[in-house]
Amino acid sequence: MSLSVSLRHDFGGFSLDVDFRAPSGLTVLFGRSGSGKTSVIKAVAGLLHPDAGRIATADRVLFDSTTGRALPVHRRRIGYIFQEPRLFPHLTVRRNLTYGRRFGPRRRDRAEVDRVVEILGLGALLDRRPGALSGGEQSRVAIGRALLSAPEILLADEPLAALDEARKAEILPYFERLRDETDIPILYVSHSVEEVARLATTVVALEQGRVTRSGPAVEVFADPAFSPTGPRDAGALVEARILTHHADGLTEVQAGPARLHLPRMPGAPGDPLRLRIAAQDVMLARDAPQGLSALNILPGTVTAIREDAGPGVLISLTTPAGPILSAITRRSLSALRLAEGTPCHAIIKSVAIAQREGPRAG
Ligand SMILES: Nc1ncnc2c1ncn2[C@@H]1O[C@H](COP(=O)(O)OP(=O)(O)OP(=O)(O)O)[C@@H](O)[C@H]1O
């Protein structure tokens with residue numbers, strides 16, 4: 001299932017003109033405050049009538065300005081997760097979850113409730129009222145309620161913004177499970193690079209009402225032109241799987257045909273990991289280095305160079321582990337005579353690799 005969004009709208013002082021596809025998985029609408037993220041979400045939900053455009057899933061048109069079709073909000077089959085949980089304080093968790101839906105005693109209904117309760121780890125909370133839940137638990141109930149509205153699309157507008165770091169860490173794994181275990185497209189608004197790096201299957205970057213970059217998260221993060229908070233924070237994403245935990249405290253992972261060593265990670269052999277390798281933590285060498293303390297050395301080829309004002313440059317390279325970014329100085333760029341197509345070696349300090357894609361919740 002996928003969602004395609006094409007819309008134009010003029011607010012007077014601000015205009016929105018976007019065109020993107022959200023395949024199944026989690027698509028992060030990413031951008032600064034005022035870039036138009038919420039307006040896009042509202043248009044998909046039916047709360048904003050764009051001047052022109054078309055919004056459709058594979059089998060349903062929600063809005064089409066050329067035919068005049070505009071499904072009302074309640075017929076769009078959308079689950080909406082807000083920043084605030086907005087639960088009914090006088091109802092139990094169970095009744096909050098099923099509110100507004102006629103859940104009968106049918107086996108299928110019960111199985112659906114059970115599945116959502118399991119995914120979100122709500123089993124022990126069902127008879128409590130929201131007042132007796134932590135902020136993170138309330139958020140999980142709100143996510144469950146959105147899922148149980150049988151949505152074809154899930155919209156989440158900065159769902160973690162109101163939570164502290166500990167609560168965010170508690171909820172993130174549940175979004176990972178939703179992404180991996182449901183096949184509805186999830187449109188997720190965020191301006192946090194960490195959330196995007198961790199959750200996004202697809203990234204749609206917005207600036208002043210326009211899409212500046214969109215595509216699979218791994219490709220977008222490997223683009224040296226995509227450094228939303230400046231080159232200092234640039235970093236590539238690498239998809240990997242745990243191979244072995246070694247006795248000396250290192251975990252060995254497989255990334256494509258390459259193997260990397262990282263500080264011990266929780267998780268079992270076979271578990272997937274998404275690694276973020278900061279460009280600042282990757283050095284480059286023309287020849288295969290010898291006698292270095294760094295454990296991870298990958299052969300690569302330069303694919304793009306971004307030079308801005310200032311002493312730093314960002315280099316993108318293809319490696320067997322996937323695309324990697326490296327931040328080096330302009331001086332090193334000329335000393336190493338790097339250009340597109342130059343073969344070189346990326347040296348990654350093992351401690352530079354962070355961010356586990358789990359732990360599995362529930
Ligand atoms: N109904 C409206 N009338 C006029 N201008 C509007 C309206 N709704 C939004 N805008 C303007 O459109 C721009 C984008 O707003 P939007 O809420 O979509 O941004 P955002 O990226 O979600 O921002 P934030 O991260 O702060 O929530 C802003 O400049 C806002 O002032």
# chains A, B, ... in the order shown; residues from 1 in each chain; ligands from 1
$ residues_around --residues "Val282 (chain A)" --least-positions-apart "4" --cutoff "9 Å" --atoms "only C-alpha atoms" --output "JSON, numbers by chain"
{"A": [277, 278, 324, 325, 326, 327, 328, 346, 347, 348, 349, 352]}
$ write_last_selection --atoms "C-alpha atoms" --output "mmCIF file, in the first residue's frame"
data_model
loop_
_atom_site.group_PDB
_atom_site.id
_atom_site.type_symbol
_atom_site.label_atom_id
_atom_site.label_comp_id
_atom_site.auth_asym_id
_atom_site.auth_seq_id
_atom_site.Cartn_x
_atom_site.Cartn_y
_atom_site.Cartn_z
ATOM 1 C CA ILE A 277 28.144 6.734 11.004
ATOM 2 C CA ALA A 278 28.893 10.398 11.520
ATOM 3 C CA ILE A 324 29.355 6.401 3.621
ATOM 4 C CA LEU A 325 30.014 10.099 4.216
ATOM 5 C CA SER A 326 33.319 11.541 5.345
ATOM 6 C CA ALA A 327 34.066 15.066 6.532
ATOM 7 C CA ILE A 328 37.644 16.125 5.790
ATOM 8 C CA ALA A 346 37.261 4.813 4.648
ATOM 9 C CA ILE A 347 38.589 4.391 8.174
ATOM 10 C CA ILE A 348 35.857 4.211 10.786
ATOM 11 C CA LYS A 349 36.674 4.199 14.471
ATOM 12 C CA ALA A 352 31.837 5.936 16.162
#
$ closest_atom_pairs --of "chain A" --to "ligand 1" --cutoff "6 Å" --atoms "only C-alpha atoms and all ligand atoms" --output "tab-separated table"
residue	atom	partner	partner_atom_place_in_ligand_line	distance
A:Phe11	CA	ligand 1	4 (C)	4.7
A:Phe14	CA	ligand 1	12 (O)	5.4
A:Arg32	CA	ligand 1	25 (O)	5.8
A:Ser33	CA	ligand 1	25 (O)	3.5
A:Gly34	CA	ligand 1	19 (O)	3.5
A:Ser35	CA	ligand 1	21 (O)	3.8
A:Gly36	CA	ligand 1	18 (O)	3.1
A:Lys37	CA	ligand 1	21 (O)	3.9
A:Thr38	CA	ligand 1	22 (O)	3.5
A:Ser39	CA	ligand 1	18 (O)	3.7
$ write_last_selection --atoms "N, CA and C atoms" --output "CSV table (one decimal), in the first residue's frame"
chain,number,residue,atom,x,y,z
A,11,PHE,N,-1.4,30.2,0.9
A,11,PHE,CA,-1.9,30.8,2.2
A,11,PHE,C,-1.9,32.3,2.2
A,14,PHE,N,2.4,32.4,2.4
A,14,PHE,CA,3.2,31.2,2.3
A,14,PHE,C,2.5,30.3,1.3
A,32,ARG,N,12.3,22.3,9.0
A,32,ARG,CA,12.2,23.3,10.1
A,32,ARG,C,10.8,23.7,10.4
A,33,SER,N,10.7,24.4,11.5
A,33,SER,CA,9.4,25.0,11.8
A,33,SER,C,8.9,25.9,10.7
A,34,GLY,N,7.7,25.7,10.3
A,34,GLY,CA,7.2,26.6,9.3
A,34,GLY,C,7.4,26.2,7.8
A,35,SER,N,8.0,25.0,7.7
A,35,SER,CA,8.3,24.5,6.3
A,35,SER,C,7.1,23.9,5.6
A,36,GLY,N,6.0,23.6,6.4
A,36,GLY,CA,4.8,23.2,5.7
A,36,GLY,C,4.4,21.7,6.1
A,37,LYS,N,5.1,21.1,7.0
A,37,LYS,CA,4.9,19.7,7.3
A,37,LYS,C,3.4,19.5,7.8
A,38,THR,N,3.0,20.3,8.8
A,38,THR,CA,1.6,20.1,9.3
A,38,THR,C,0.6,20.4,8.2
A,39,SER,N,0.8,21.3,7.4
A,39,SER,CA,-0.1,21.6,6.3
A,39,SER,C,-0.3,20.4,5.4
$ closest_residue --among "A:Phe88, A:Phe221, A:Tyr99, A:Phe226" --to "Gly131 (chain A)" --atoms "only C-alpha atoms"
A:Phe88
$ residues_around --residues "Glu195 (chain A)" --least-positions-apart "5" --cutoff "9 Å" --atoms "only C-alpha atoms" --output "list in words"
Val28, Leu172, Ser190 and Ala200 of chain A
$ write_last_selection --atoms "C-alpha atoms" --output "PDB file, in the first residue's frame"
ATOM      1  CA  VAL A  28       9.226  11.127   7.663  1.00  0.00           C
ATOM      2  CA  LEU A 172      10.658   4.814  19.520  1.00  0.00           C
ATOM      3  CA  SER A 190       9.534  15.384  12.698  1.00  0.00           C
ATOM      4  CA  ALA A 200      12.535   6.586   8.400  1.00  0.00           C
TER       5      ALA A 200
END
$ residues_around --residues "Asp271 (chain A)" --least-positions-apart "3" --cutoff "7 Å" --atoms "only C-alpha atoms" --output "PyMOL selection string"
chain A and resi 241-242+267-268
$ residues_around --residues "Arg306 (chain A)" --least-positions-apart "5" --cutoff "12 Å" --atoms "only C-alpha atoms" --output "ChimeraX atom specification"
/A:222-227,230-231,234,311-317,325-330,333,338-340
$ write_last_selection --atoms "C-alpha atoms" --output "PDB file, in the first residue's frame"
ATOM      1  CA  ALA A 222      24.314   9.508   2.007  1.00  0.00           C
ATOM      2  CA  ASP A 223      23.790  12.628  -0.096  1.00  0.00           C
ATOM      3  CA  PRO A 224      26.360  15.235   0.941  1.00  0.00           C
ATOM      4  CA  ALA A 225      23.872  17.927  -0.041  1.00  0.00           C
ATOM      5  CA  PHE A 226      21.529  16.625   2.681  1.00  0.00           C
ATOM      6  CA  SER A 227      22.917  17.897   5.947  1.00  0.00           C
ATOM      7  CA  GLY A 230      24.888  21.648   8.771  1.00  0.00           C
ATOM      8  CA  PRO A 231      27.777  19.459   7.539  1.00  0.00           C
ATOM      9  CA  ALA A 234      26.060  14.829   8.490  1.00  0.00           C
ATOM     10  CA  PRO A 311      37.677  24.622   5.633  1.00  0.00           C
ATOM     11  CA  GLY A 312      35.557  21.464   5.588  1.00  0.00           C
ATOM     12  CA  VAL A 313      34.279  19.340   2.693  1.00  0.00           C
ATOM     13  CA  LEU A 314      31.909  16.374   2.653  1.00  0.00           C
ATOM     14  CA  ILE A 315      32.823  13.348   0.595  1.00  0.00           C
ATOM     15  CA  SER A 316      30.352  10.623  -0.334  1.00  0.00           C
ATOM     16  CA  LEU A 317      31.671   7.192  -1.191  1.00  0.00           C
ATOM     17  CA  LEU A 325      30.014  10.099   4.216  1.00  0.00           C
ATOM     18  CA  SER A 326      33.319  11.541   5.345  1.00  0.00           C
ATOM     19  CA  ALA A 327      34.066  15.066   6.532  1.00  0.00           C
ATOM     20  CA  ILE A 328      37.644  16.125   5.790  1.00  0.00           C
ATOM     21  CA  THR A 329      39.382  19.436   5.331  1.00  0.00           C
ATOM     22  CA  ARG A 330      39.793  21.196   2.020  1.00  0.00           C
ATOM     23  CA  LEU A 333      40.997  16.970  -0.266  1.00  0.00           C
ATOM     24  CA  LEU A 338      40.297  13.158  -4.458  1.00  0.00           C
ATOM     25  CA  ALA A 339      37.761  13.519  -7.256  1.00  0.00           C
ATOM     26  CA  GLU A 340      34.643  11.666  -8.319  1.00  0.00           C
TER      27      GLU A 340
END
$ closest_residue --among "A:Arg232, A:Leu206, A:Gly341, A:Arg60" --to "Asp308 (chain A)" --atoms "only C-alpha atoms"
A:Arg232
$ select_by_dssp --residues "region 35-250 of chain A" --states "strand (DSSP E)" --output "number ranges by chain"
A: 52-57, 61-64, 69-70, 78-81, 153-157, 185-190, 202-207, 210-216, 235-245, 250
$ write_last_selection --atoms "C-alpha atoms" --output "mmCIF file, in the first residue's frame"
data_model
loop_
_atom_site.group_PDB
_atom_site.id
_atom_site.type_symbol
_atom_site.label_atom_id
_atom_site.label_comp_id
_atom_site.auth_asym_id
_atom_site.auth_seq_id
_atom_site.Cartn_x
_atom_site.Cartn_y
_atom_site.Cartn_z
ATOM 1 C CA ALA A 52 -5.049 22.051 -6.485
ATOM 2 C CA GLY A 53 -3.655 18.546 -6.458
ATOM 3 C CA ARG A 54 -4.353 14.880 -5.959
ATOM 4 C CA ILE A 55 -4.007 12.666 -2.884
ATOM 5 C CA ALA A 56 -4.534 8.948 -3.373
ATOM 6 C CA THR A 57 -3.682 5.496 -2.080
ATOM 7 C CA VAL A 61 -8.650 8.757 -4.385
ATOM 8 C CA LEU A 62 -9.036 10.993 -1.308
ATOM 9 C CA PHE A 63 -8.781 14.292 -3.125
ATOM 10 C CA ASP A 64 -8.600 15.328 -6.747
ATOM 11 C CA ARG A 69 -13.503 14.800 -5.446
ATOM 12 C CA ALA A 70 -12.780 15.556 -1.798
ATOM 13 C CA ILE A 78 -6.959 7.778 8.630
ATOM 14 C CA GLY A 79 -5.450 7.109 12.029
ATOM 15 C CA TYR A 80 -4.133 10.321 13.576
ATOM 16 C CA ILE A 81 -1.536 10.388 16.342
ATOM 17 C CA ILE A 153 -2.968 5.611 6.402
ATOM 18 C CA LEU A 154 -1.436 6.552 9.736
ATOM 19 C CA LEU A 155 -0.551 10.206 10.353
ATOM 20 C CA ALA A 156 1.715 11.113 13.256
ATOM 21 C CA ASP A 157 2.407 14.804 13.807
ATOM 22 C CA PRO A 185 1.922 3.891 5.003
ATOM 23 C CA ILE A 186 2.863 5.965 8.052
ATOM 24 C CA LEU A 187 3.391 9.680 7.478
ATOM 25 C CA TYR A 188 5.418 10.954 10.401
ATOM 26 C CA VAL A 189 6.265 14.616 10.974
ATOM 27 C CA SER A 190 9.534 15.384 12.698
ATOM 28 C CA THR A 202 11.588 7.130 3.298
ATOM 29 C CA VAL A 203 12.531 10.771 3.858
ATOM 30 C CA VAL A 204 10.716 13.764 2.384
ATOM 31 C CA ALA A 205 12.652 16.925 3.249
ATOM 32 C CA LEU A 206 10.662 20.173 3.119
ATOM 33 C CA GLU A 207 11.921 23.726 2.942
ATOM 34 C CA ARG A 210 8.860 22.746 -1.309
ATOM 35 C CA VAL A 211 10.312 19.233 -1.331
ATOM 36 C CA THR A 212 14.080 19.619 -1.490
ATOM 37 C CA ARG A 213 14.941 15.925 -1.323
ATOM 38 C CA SER A 214 13.001 12.681 -1.103
ATOM 39 C CA GLY A 215 13.775 8.997 -1.340
ATOM 40 C CA PRO A 216 14.866 5.973 0.678
ATOM 41 C CA GLY A 235 26.222 11.062 8.673
ATOM 42 C CA ALA A 236 25.294 8.032 6.597
ATOM 43 C CA LEU A 237 22.959 5.204 7.608
ATOM 44 C CA VAL A 238 24.083 1.615 7.263
ATOM 45 C CA GLU A 239 21.727 -1.346 7.500
ATOM 46 C CA ALA A 240 23.352 -4.292 9.232
ATOM 47 C CA ARG A 241 22.662 -7.529 11.125
ATOM 48 C CA ILE A 242 24.327 -8.819 14.300
ATOM 49 C CA LEU A 243 26.688 -11.727 13.604
ATOM 50 C CA THR A 244 28.538 -12.469 16.846
ATOM 51 C CA HIS A 245 29.294 -11.028 20.250
ATOM 52 C CA LEU A 250 32.954 -6.147 20.609
#
$ atom_distance --atom1 "CA of Arg129 (chain A)" --atom2 "CA of Val93 (chain A)"
5.8 Å
$ atom_distance --atom1 "CA of Ala294 (chain A)" --atom2 "CA of Gln280 (chain A)"
14.3 Å
$ residues_around --residues "Pro320 (chain A)" --least-positions-apart "5" --cutoff "12 Å" --atoms "only C-alpha atoms" --output "VMD selection string"
chain A and resid 238 to 240 254 to 260 297 to 301 345 to 346
$ write_last_selection --atoms "N, CA and C atoms" --output "short mmCIF file (atom, residue, chain, number, x, y, z; two decimals), in the first residue's frame"
data_model
loop_
_atom_site.label_atom_id
_atom_site.label_comp_id
_atom_site.auth_asym_id
_atom_site.auth_seq_id
_atom_site.Cartn_x
_atom_site.Cartn_y
_atom_site.Cartn_z
N VAL A 238 23.67 2.92 7.78
CA VAL A 238 24.08 1.61 7.26
C VAL A 238 23.17 0.55 7.87
N GLU A 239 22.58 -0.26 7.01
CA GLU A 239 21.73 -1.35 7.50
C GLU A 239 22.60 -2.57 7.73
N ALA A 240 22.49 -3.16 8.91
CA ALA A 240 23.35 -4.29 9.23
C ALA A 240 22.57 -5.34 10.04
N GLN A 254 27.21 -7.69 10.15
CA GLN A 254 27.34 -7.84 8.69
C GLN A 254 26.57 -6.70 8.05
N ALA A 255 27.24 -5.96 7.17
CA ALA A 255 26.58 -4.88 6.44
C ALA A 255 26.86 -5.11 4.96
N GLY A 256 25.86 -5.63 4.23
CA GLY A 256 26.16 -6.08 2.87
C GLY A 256 27.21 -7.17 2.98
N PRO A 257 28.19 -7.19 2.08
CA PRO A 257 29.24 -8.19 2.20
C PRO A 257 30.32 -7.81 3.22
N ALA A 258 30.23 -6.61 3.81
CA ALA A 258 31.28 -6.16 4.72
C ALA A 258 30.97 -6.56 6.17
N ARG A 259 32.04 -6.67 6.96
CA ARG A 259 31.86 -6.93 8.39
C ARG A 259 32.43 -5.78 9.18
N LEU A 260 31.71 -5.34 10.21
CA LEU A 260 32.18 -4.22 11.03
C LEU A 260 32.19 -4.66 12.49
N ILE A 297 37.92 -0.71 8.31
CA ILE A 297 38.48 -0.04 7.14
C ILE A 297 37.76 -0.62 5.91
N LEU A 298 37.10 0.27 5.18
CA LEU A 298 36.31 -0.19 4.04
C LEU A 298 36.87 0.40 2.75
N PRO A 299 37.07 -0.42 1.73
CA PRO A 299 37.45 0.14 0.45
C PRO A 299 36.25 0.86 -0.16
N GLY A 300 36.51 1.94 -0.88
CA GLY A 300 35.39 2.68 -1.47
C GLY A 300 35.81 3.48 -2.68
N THR A 301 34.81 4.12 -3.27
CA THR A 301 35.06 5.00 -4.41
C THR A 301 34.29 6.29 -4.19
N HIS A 345 40.11 4.51 0.83
CA HIS A 345 39.68 3.68 1.96
C HIS A 345 39.06 4.55 3.03
N ALA A 346 37.92 4.10 3.55
CA ALA A 346 37.26 4.81 4.65
C ALA A 346 37.67 4.14 5.95
#
$ residues_around --residues "region 174-180 of chain A" --least-positions-apart "4" --cutoff "7 Å" --atoms "only C-alpha atoms" --output "list in words"
Gly25, Leu26, Leu120, Leu199 and Ala361 of chain A
